[in-house]
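entry27.cif (mmCIF, C-alpha atoms; chains and numbers go by the auth columns) appears below.
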data_run
#
loop_
_atom_site.group_PDB
_atom_site.id
_atom_site.type_symbol
_atom_site.label_atom_id
_atom_site.label_comp_id
_atom_site.label_asym_id
_atom_site.label_seq_id
_atom_site.Cartn_x
_atom_site.Cartn_y
_atom_site.Cartn_z
_atom_site.B_iso_or_equiv
_atom_site.auth_seq_id
_atom_site.auth_asym_id
ATOM 1 C CA MET A 1 -0.080 -19.416 -40.331 0.00 1 A
ATOM 2 C CA ASN A 2 -0.104 -16.681 -37.674 0.00 2 A
ATOM 3 C CA HIS A 3 0.602 -13.199 -39.023 0.00 3 A
ATOM 4 C CA GLN A 4 1.243 -10.671 -36.295 0.00 4 A
ATOM 5 C CA ASN A 5 0.380 -7.089 -37.193 0.00 5 A
ATOM 6 C CA ASN A 6 3.547 -5.022 -36.724 0.00 6 A
ATOM 7 C CA ASN A 7 1.963 -1.827 -38.036 0.00 7 A
ATOM 8 C CA HIS A 8 1.888 0.955 -35.489 0.00 8 A
ATOM 9 C CA ASN A 9 1.124 4.645 -35.713 0.00 9 A
ATOM 10 C CA ILE A 10 2.634 7.396 -33.553 0.00 10 A
ATOM 11 C CA PHE A 11 -0.827 9.032 -33.346 0.00 11 A
ATOM 12 C CA ASP A 12 -2.568 5.911 -31.965 0.00 12 A
ATOM 13 C CA LYS A 13 -4.023 6.043 -28.455 0.00 13 A
ATOM 14 C CA ILE A 14 -3.018 9.594 -27.580 0.00 14 A
ATOM 15 C CA ASP A 15 -3.883 10.476 -23.995 0.00 15 A
ATOM 16 C CA ILE A 16 -2.933 14.040 -23.088 0.00 16 A
ATOM 17 C CA PRO A 17 -1.869 14.089 -19.440 0.00 17 A
ATOM 18 C CA HIS A 18 -3.376 16.668 -17.081 0.00 18 A
ATOM 19 C CA LYS A 19 0.126 17.435 -15.790 0.00 19 A
ATOM 20 C CA GLY A 20 3.646 16.672 -16.981 0.00 20 A
ATOM 21 C CA GLU A 21 4.419 14.205 -19.733 0.00 21 A
ATOM 22 C CA LEU A 22 3.623 10.597 -20.656 0.00 22 A
ATOM 23 C CA PHE A 23 6.539 8.506 -21.919 0.00 23 A
ATOM 24 C CA GLU A 24 5.946 5.349 -23.969 0.00 24 A
ATOM 25 C CA THR A 25 8.862 3.145 -25.047 0.00 25 A
ATOM 26 C CA LEU A 26 8.398 2.195 -28.701 0.00 26 A
ATOM 27 C CA LEU A 27 11.681 0.326 -29.169 0.00 27 A
ATOM 28 C CA GLN A 28 14.607 -0.669 -26.974 0.00 28 A
ATOM 29 C CA LYS A 29 17.726 -2.226 -28.474 0.00 29 A
ATOM 30 C CA SER A 30 21.231 -2.410 -27.057 0.00 30 A
ATOM 31 C CA ASN A 31 22.133 1.174 -26.135 0.00 31 A
ATOM 32 C CA ILE A 32 19.198 2.876 -27.925 0.00 32 A
ATOM 33 C CA ILE A 33 15.694 3.608 -26.619 0.00 33 A
ATOM 34 C CA ILE A 34 13.022 5.264 -28.760 0.00 34 A
ATOM 35 C CA LYS A 35 10.127 6.888 -26.891 0.00 35 A
ATOM 36 C CA ARG A 36 6.953 8.729 -27.765 0.00 36 A
ATOM 37 C CA ILE A 37 6.340 11.597 -25.365 0.00 37 A
ATOM 38 C CA VAL A 38 2.972 13.342 -25.036 0.00 38 A
ATOM 39 C CA SER A 39 3.044 16.619 -23.106 0.00 39 A
ATOM 40 C CA SER A 40 0.484 18.523 -21.128 0.00 40 A
ATOM 41 C CA HIS A 41 0.601 22.323 -21.089 0.00 41 A
ATOM 42 C CA ILE A 42 3.933 23.100 -19.436 0.00 42 A
ATOM 43 C CA GLU A 43 5.273 26.441 -18.266 0.00 43 A
ATOM 44 C CA ARG A 44 8.882 26.402 -17.076 0.00 44 A
ATOM 45 C CA SER A 45 10.359 23.140 -15.848 0.00 45 A
ATOM 46 C CA GLU A 46 13.404 22.649 -13.696 0.00 46 A
ATOM 47 C CA ILE A 47 16.797 22.506 -15.417 0.00 47 A
ATOM 48 C CA ILE A 48 17.329 18.998 -16.759 0.00 48 A
ATOM 49 C CA THR A 49 20.576 17.108 -17.333 0.00 49 A
ATOM 50 C CA GLN A 50 20.700 13.480 -18.348 0.00 50 A
ATOM 51 C CA ASP A 51 23.376 10.825 -18.691 0.00 51 A
ATOM 52 C CA GLU A 52 22.428 9.761 -22.225 0.00 52 A
ATOM 53 C CA GLU A 53 22.460 11.652 -25.508 0.00 53 A
ATOM 54 C CA GLU A 54 19.047 12.484 -26.966 0.00 54 A
ATOM 55 C CA TRP A 55 17.906 13.195 -30.499 0.00 55 A
ATOM 56 C CA PHE A 56 14.288 14.334 -30.690 0.00 56 A
ATOM 57 C CA ILE A 57 11.776 15.579 -33.213 0.00 57 A
ATOM 58 C CA LEU A 58 8.640 17.525 -32.438 0.00 58 A
ATOM 59 C CA VAL A 59 5.939 15.581 -34.291 0.00 59 A
ATOM 60 C CA GLU A 60 2.943 17.748 -33.385 0.00 60 A
ATOM 61 C CA GLY A 61 2.447 20.920 -31.352 0.00 61 A
ATOM 62 C CA SER A 62 4.949 23.561 -30.263 0.00 62 A
ATOM 63 C CA ALA A 63 7.513 24.175 -27.551 0.00 63 A
ATOM 64 C CA THR A 64 10.179 26.600 -26.386 0.00 64 A
ATOM 65 C CA LEU A 65 13.339 25.285 -24.748 0.00 65 A
ATOM 66 C CA LYS A 66 16.387 26.893 -23.217 0.00 66 A
ATOM 67 C CA ILE A 67 19.480 24.867 -24.023 0.00 67 A
ATOM 68 C CA GLU A 68 22.488 26.226 -22.177 0.00 68 A
ATOM 69 C CA GLU A 69 22.036 29.965 -22.916 0.00 69 A
ATOM 70 C CA GLN A 70 20.176 29.588 -26.223 0.00 70 A
ATOM 71 C CA TYR A 71 16.380 29.910 -26.569 0.00 71 A
ATOM 72 C CA ILE A 72 14.898 27.543 -29.150 0.00 72 A
ATOM 73 C CA SER A 73 11.338 27.704 -30.479 0.00 73 A
ATOM 74 C CA LEU A 74 10.192 24.385 -31.910 0.00 74 A
ATOM 75 C CA LYS A 75 7.313 23.669 -34.248 0.00 75 A
ATOM 76 C CA ARG A 76 6.102 20.537 -35.992 0.00 76 A
ATOM 77 C CA GLY A 77 9.005 18.829 -37.757 0.00 77 A
ATOM 78 C CA ASP A 78 11.834 20.564 -35.897 0.00 78 A
ATOM 79 C CA TYR A 79 14.500 18.303 -34.402 0.00 79 A
ATOM 80 C CA TYR A 80 17.489 18.735 -32.120 0.00 80 A
ATOM 81 C CA PHE A 81 20.389 16.746 -30.658 0.00 81 A
ATOM 82 C CA LEU A 82 21.218 17.070 -26.963 0.00 82 A
ATOM 83 C CA LYS A 83 24.624 15.926 -25.776 0.00 83 A
ATOM 84 C CA ALA A 84 24.861 13.931 -22.564 0.00 84 A
ATOM 85 C CA LYS A 85 24.946 16.189 -19.484 0.00 85 A
ATOM 86 C CA GLN A 86 23.889 19.233 -21.563 0.00 86 A
ATOM 87 C CA PRO A 87 21.687 21.428 -19.330 0.00 87 A
ATOM 88 C CA HIS A 88 18.290 22.263 -20.801 0.00 88 A
ATOM 89 C CA GLN A 89 14.975 23.606 -19.596 0.00 89 A
ATOM 90 C CA ILE A 90 11.420 23.478 -20.933 0.00 90 A
ATOM 91 C CA LEU A 91 10.032 27.016 -20.957 0.00 91 A
ATOM 92 C CA HIS A 92 6.692 26.356 -22.670 0.00 92 A
ATOM 93 C CA VAL A 93 4.900 23.399 -24.261 0.00 93 A
ATOM 94 C CA GLU A 94 1.479 23.398 -25.899 0.00 94 A
ATOM 95 C CA ALA A 95 -0.898 20.760 -24.471 0.00 95 A
ATOM 96 C CA GLY A 96 -0.990 17.702 -26.729 0.00 96 A
ATOM 97 C CA THR A 97 2.524 18.179 -28.098 0.00 97 A
ATOM 98 C CA ILE A 98 3.956 14.879 -29.370 0.00 98 A
ATOM 99 C CA TRP A 99 7.685 14.186 -29.414 0.00 99 A
ATOM 100 C CA LEU A 100 9.695 11.259 -30.750 0.00 100 A
ATOM 101 C CA ALA A 101 12.897 10.906 -28.733 0.00 101 A
ATOM 102 C CA VAL A 102 15.871 8.645 -29.355 0.00 102 A
ATOM 103 C CA TYR A 103 18.061 8.115 -26.274 0.00 103 A
ATOM 104 C CA ILE A 104 21.609 6.869 -26.849 0.00 104 A
ATOM 105 C CA ASP A 105 23.493 5.512 -23.853 0.00 105 A
ATOM 106 C CA LYS A 106 27.233 5.750 -24.415 0.00 106 A
ATOM 107 C CA GLN A 107 27.779 2.626 -22.260 0.00 107 A
#
Exercise: express the given structure as structure tokens:
Amino acid sequence: MNHQNNNHNIFDKIDIPHKGELFETLLQKSNIIIKRIVSSHIERSEIITQDEEEWFILVEGSATLKIEEQYISLKRGDYYFLKAKQPHQILHVEAGTIWLAVYIDKQ
């Protein structure tokens, strides 16, 4: 009998990029995609808008975002929900920050 190991760990095989972020799809089903994101040190990104909704949790590290006109400091365990088309900007991210993001396409 073949038993496939389905155990995975969000901290496995962490490679901190020299620039930007690394996105790894962990699960994709219907209109939902779950990704692990590992960030380099980031200072001020461009303003981002996206077609899908996004719920994310900061698993490790720290970050500061500007969402519309609100400044949000995030630490380990903090989570947030972004509506589709909601403008946001990364102001600062600590190198090695790990995010878990759930993207929901409204189809």
Practice task
Compare A:Ile37, A:Val102, A:Ile72, A:Leu65 by their minimum atom-to-atom distance to Glu24 of chain A, counting all atoms listed in the file, and give me the closest one.
Solution key: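 Among A:Ile37, A:Val102, A:Ile72, A:Leu65, it is A:Ile37 that comes nearest to Glu24 of chain A.
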Box for segment 21-30 of chain A - axis-aligned, 5 Å on each of the six sides, all listed atoms - centre and size in Å to one decimal, as JSON.
{"center_x": 12.4, "center_y": 5.9, "center_z": -24.5, "size_x": 27.6, "size_y": 26.6, "size_z": 19.4}
Problem - Distance of atom CA of Trp99 of chain A from atom CA of Phe56 of chain A, expressed in Å to one decimal place - result: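 So the answer is 6.7 Å.
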Practice task
May I have the protein, DNA and RNA residues with an atom at most 7 Å from (10.7, 11.6, -31.2), counting all atoms listed in the file in the file's coordinates, returned as a list in words?
Solution key: Lys35, Arg36, Phe56, Ile57, Leu58, Val59, Trp99, Leu100, Ala101 and Val102 of chain A
Do you know which residues are at most 7 Å from Ala63 of chain A counting only C-alpha atoms, after dropping those on the same chain fewer than 5 positions away, and could you put them as a compact mmCIF listing (two decimals) with C-alpha atoms, keeping the file's coordinate frame?
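Wrote out_12.txt, looks like this:
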# COMPACT_ATOMS: atom_id res chain seq x y z
CA SER A 73 11.34 27.70 -30.48
CA LEU A 74 10.19 24.38 -31.91
CA LYS A 75 7.31 23.67 -34.25
CA HIS A 92 6.69 26.36 -22.67
CA VAL A 93 4.90 23.40 -24.26
CA GLU A 94 1.48 23.40 -25.90
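Between Leu27 of chain A and the candidates A:Tyr103, A:Gln70, A:Tyr80, A:Asp51, the tightest atom-to-atom separation, counting all atoms listed in the file, involves A:Tyr103.
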Exercise for the section: Taking the file as shown, find all residues satisfying the PyMOL selection byres ((chain A and resi 67) around 7) and write them as a PyMOL selection string. Expected result: chain A and resi 65-66+68-71+87-89
Exercise for the section: Between atom CA of Gly20 of chain A and atom CA of Ile48 of chain A, measure the distance and give it in Å to one decimal. Expected result: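 Atom-to-atom, atom CA of Gly20 of chain A and atom CA of Ile48 of chain A are spaced 13.9 Å apart.
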Completion exercise
From atom CA of Tyr79 of chain A to atom CA of Ile10 of chain A the spacing works out at 16.1 Å
Exercise for the section: Up to 9 Å from (4.4, 19.2, -20.4) in the file's coordinates: name the residues, counting all atoms listed in the file, as a VMD selection string. Expected result: chain A and resid 17 to 22 38 to 43 45 90 92 to 97
Would you pick out the contacts of Lys83 of chain A at 8 Å or less, using all atoms listed in the file, so that residues sharing its chain but fewer than 4 positions from it are not included, and give the list as a tab-separated table (two decimals) with C-alpha atoms, in the coordinates of the input?
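Everything below was put into around.tsv:
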chain	number	residue	atom	x	y	z
A	52	GLU	CA	22.43	9.76	-22.22
A	53	GLU	CA	22.46	11.65	-25.51
A	54	GLU	CA	19.05	12.48	-26.97
Practice task
Rank nothing, just name the residue among A:Ile32, A:Arg76, A:Lys106, A:Phe81 nearest to Trp55 of chain A, using all atoms listed in the file.
Solution key: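 The answer is A:Phe81, which sits nearest to Trp55 of chain A.
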Exercise for the section: Check the smallest atom-to-atom distance from each of A:Ile104, A:Asp15, A:His8, A:Thr49 to Lys29 of chain A using only C-alpha atoms, then report the winner. Expected result: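 Smallest distance to Lys29 of chain A is found for A:Ile104.
Considering the residues A:Ile98, A:Asn7, A:Gln86, A:Gln28 and counting all atoms listed in the file, Gly61 of chain A has its shortest atom-to-atom contact with A:Ile98.
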Exercise for the section: Go through A:Asp78, A:Asp105, A:Glu46, A:Glu60 and flag the residue nearest Ile34 of chain A, using all atoms listed in the file for the distances. Expected result: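 Among the listed residues, the smallest separation from Ile34 of chain A belongs to A:Asp105.
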